[in-house]
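Report on one structure; see the data block that follows.
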Amino acid sequence: MNIGIIGLGLMGGSLAKAVKRYGIAKKVYGFTNSEKNKKDILDLNLVDELVDLVTLKKVSDVIILAIPVDAIIGMFPNFLDIDDETTIIDMGSTKEYIVKSIPEKIRKNFIAAHPMTGTEKSGPKAAIDDLYEGKTVVFCDLEDNANLHVNRAFRIFQEIGMRIVVMDSDQHDIHACYISHLPHVISFSLANTVMSHEDPKSIIALAAGGFKDMSRIAKSSPRMWSDIFKQNRKNLLASIETFEEQLQSAKKMVEDEDYEALEAWMKKANTLHEIL
């Protein structure tokens, strides 16, 4: 099949590499609005050909949307003229708002997917060979899709080495919030807390592995993550409240010098990695 990818940064560029490497695509087409990225995309040989959107729709059996979540919704009017045989797969980090926004005319074509992988880097040069291998992809609300499109989506992601999980979009957004969206809020908060308290020279001199690990994802794209936070606002606010309760518990134990309780609280946190 011919695969067209809209957005060729970390996610889209890495997918282009994967479908070419595993021989899934007869030809890979790309589309980007970024004039700045076009040279990098071609120099890196991420796609066989960069085309305009009209051409991409005509030549692609499968269209992948690897762009920020608000931009995914903004793309919908462009797909109202596709035929019943064209599969559209979005790879956004939120699902419920996107699914509810899909025009009825293309609902059977549209697969709501979220590959649970990524790095803090962005742009075509961030694309890597093995981003998807051994990772999980979540498909949502498949009962509203035609079998042709479900089968294509399963084939693509299974053949690039991903494990498939199926769930409702509202449940996805709750789970994704706690394991992905909340950690990003925390990382951005930590980075801003340190920046407001320490001078840059002290940060450079003293920052060790723990701080670097926790602040790494604060390098992620602000545009992309502000869109995600907006679309998953309700769940994000609930998760922040839960996190604040844990911080308050830790604060009180330190204030009360109840270090035995503090140690037990930390031991409970240790058990997470037994699950992972």
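By convention in this document, the chains of the structure tokens carry letters A, B, ... by their order, each chain's residues are numbered from 1, and ligands are numbered from 1 in the order they are shown.
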
Taking only residues of range 14-95 of chain A that have an atom at most 8 Å from an atom of range 215-237 of chain A, what is each one's shortest atom pair and its distance in Å to one decimal, using only C-alpha atoms, in chain and number order, as a Markdown table?
```
| residue | atom | partner | partner_atom | distance |
| --- | --- | --- | --- | --- |
| A:Pro68 | CA | A:Met224 | CA | 5.2 |
| A:Val69 | CA | A:Asp227 | CA | 6.2 |
| A:Asp70 | CA | A:Asp227 | CA | 6.0 |
| A:Ser93 | CA | A:Ile228 | CA | 6.8 |
| A:Thr94 | CA | A:Ile228 | CA | 6.4 |
```

Legend entry - Neighbour list for range 3-11 of chain A as a PyMOL selection string, cut-off 9 Å, only C-alpha atoms, skip fewer than 4 positions in-chain: chain A and resi 15-16+19+24-34+37+41+46-47+53+56-57+59-68+91+115+117-119+121-128+131

Inset, instruction - Run DSSP on the backbone of this structure and report the residues of range 49-199 of chain A it assigns to strand (DSSP E), as a PyMOL selection string. - result: chain A and resi 49-50+62-65+87-90+110-116+136-140+163-167

Export C-alpha atoms of the chosen residues as a compact mmCIF listing (two decimals), in the first residue's frame?
```
# COMPACT_ATOMS: atom_id res chain seq x y z
CA GLU A 49 8.38 12.12 -2.25
CA LEU A 50 7.08 15.32 -0.64
CA VAL A 62 -3.39 5.13 4.25
CA ILE A 63 -2.95 8.67 5.58
CA ILE A 64 -1.15 9.12 8.91
CA LEU A 65 -1.67 12.30 10.94
CA THR A 87 -7.70 4.82 5.81
CA ILE A 88 -6.87 7.76 8.09
CA ILE A 89 -4.92 7.13 11.30
CA ASP A 90 -4.20 9.85 13.82
CA PHE A 110 -10.75 7.19 10.83
CA ILE A 111 -8.67 5.09 13.25
CA ALA A 112 -7.92 6.80 16.56
CA ALA A 113 -4.47 5.59 17.65
CA HIS A 114 -1.89 6.56 20.23
CA PRO A 115 1.58 4.98 20.03
CA MET A 116 2.89 5.08 23.59
CA THR A 136 2.44 -0.29 22.84
CA VAL A 137 -0.09 1.37 20.56
CA VAL A 138 -3.61 2.05 21.83
CA PHE A 139 -6.56 1.94 19.41
CA CYS A 140 -9.79 3.57 20.57
CA ARG A 163 1.90 -4.43 20.92
CA ILE A 164 -1.77 -3.49 20.43
CA VAL A 165 -4.20 -2.49 23.19
CA VAL A 166 -7.82 -1.57 22.51
CA MET A 167 -9.90 0.64 24.84
```

Inset, instruction - Going by DSSP on the backbone, which bits of range 21-214 of chain A are helix (DSSP H, G or I)? Write them as a VMD selection string, please. - result: chain A and resid 21 35 to 43 53 to 59 69 to 79 96 to 101 104 to 109 124 to 126 142 to 144 147 to 159 169 to 197 200 to 206 209 to 214

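Of the residues listed (A:Leu42, A:Ile179, A:Leu206, A:Met1), A:Leu42 shows the shortest atom-to-atom separation from Gly13 in chain A; distances use only C-alpha atoms.
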
Inset, instruction - Mind checking which residues fall within 10 Å of Leu148 in chain A, counting only C-alpha atoms, ignoring those fewer than 2 positions away in the same chain, and posting them as a list in words? - result: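 In the requested format, the answer is Asp84, Glu85, Thr86, Thr87, Lys108, Asn109, Asn145, Ala146, Val150, Asn151, Arg152 and Ala153 of chain A.
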
Legend entry - All residues 9 Å or closer to Phe79 in chain A, only C-alpha atoms, same chain fewer than 2 positions away omitted, as a list of chain:residue names: A:Lys57, A:Met75, A:Phe76, A:Pro77, A:Asp81, A:Ile82, A:Ile88, A:Ile106

Write the residues of the preceding selection, restricted to N, CA, C and O atoms, as a compact mmCIF listing (two decimals), in the first residue's frame.
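Contents of the output file again_5.txt:
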```txt
# COMPACT_ATOMS: atom_id res chain seq x y z
N LYS A 57 -3.64 12.92 -0.86
CA LYS A 57 -4.94 12.25 -0.71
C LYS A 57 -5.23 11.32 -1.89
O LYS A 57 -5.81 10.25 -1.72
N MET A 75 -7.49 19.51 10.48
CA MET A 75 -7.33 18.83 9.19
C MET A 75 -8.63 18.20 8.68
O MET A 75 -8.74 17.88 7.50
N PHE A 76 -9.58 17.96 9.55
CA PHE A 76 -10.76 17.18 9.18
C PHE A 76 -11.47 17.68 7.91
O PHE A 76 -11.85 16.87 7.07
N PRO A 77 -11.68 18.98 7.75
CA PRO A 77 -12.39 19.43 6.54
C PRO A 77 -11.69 19.04 5.24
O PRO A 77 -12.36 18.90 4.20
N ASP A 81 -13.68 14.64 1.25
CA ASP A 81 -13.84 14.14 -0.11
C ASP A 81 -13.11 12.82 -0.36
O ASP A 81 -13.05 12.35 -1.50
N ILE A 82 -12.56 12.19 0.68
CA ILE A 82 -11.86 10.92 0.44
C ILE A 82 -12.87 9.80 0.19
O ILE A 82 -14.03 9.88 0.61
N ILE A 88 -7.54 6.64 7.41
CA ILE A 88 -6.87 7.76 8.09
C ILE A 88 -6.56 7.31 9.51
O ILE A 88 -7.44 6.78 10.21
N ILE A 106 -16.62 10.63 7.57
CA ILE A 106 -15.36 9.89 7.50
C ILE A 106 -15.11 9.06 8.77
O ILE A 106 -14.00 8.54 8.95
```

Legend entry - Distance query Asp170 in chain A at most 7 Å, only C-alpha atoms, self and fewer than 3 positions along chain excluded, as a VMD selection string: chain A and resid 96 173 to 174

Legend entry - Residue nearest Leu190 in chain A among A:Met214, A:Val51, A:Ala238, A:Ala71 (counting only C-alpha atoms):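 Of all the options, A:Met214 lies closest to Leu190 in chain A.
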
Inset, instruction - Tell me, in Å to one decimal, how far CA of Arg155 in chain A is from CA of Lys100 in chain A. - result: 25.0 Å

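Going from CA of Ile102 in chain A over to CA of Leu142 in chain A, you cover 13.3 Å.
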
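CA of Val194 in chain A is found 20.3 Å from CA of His181 in chain A.
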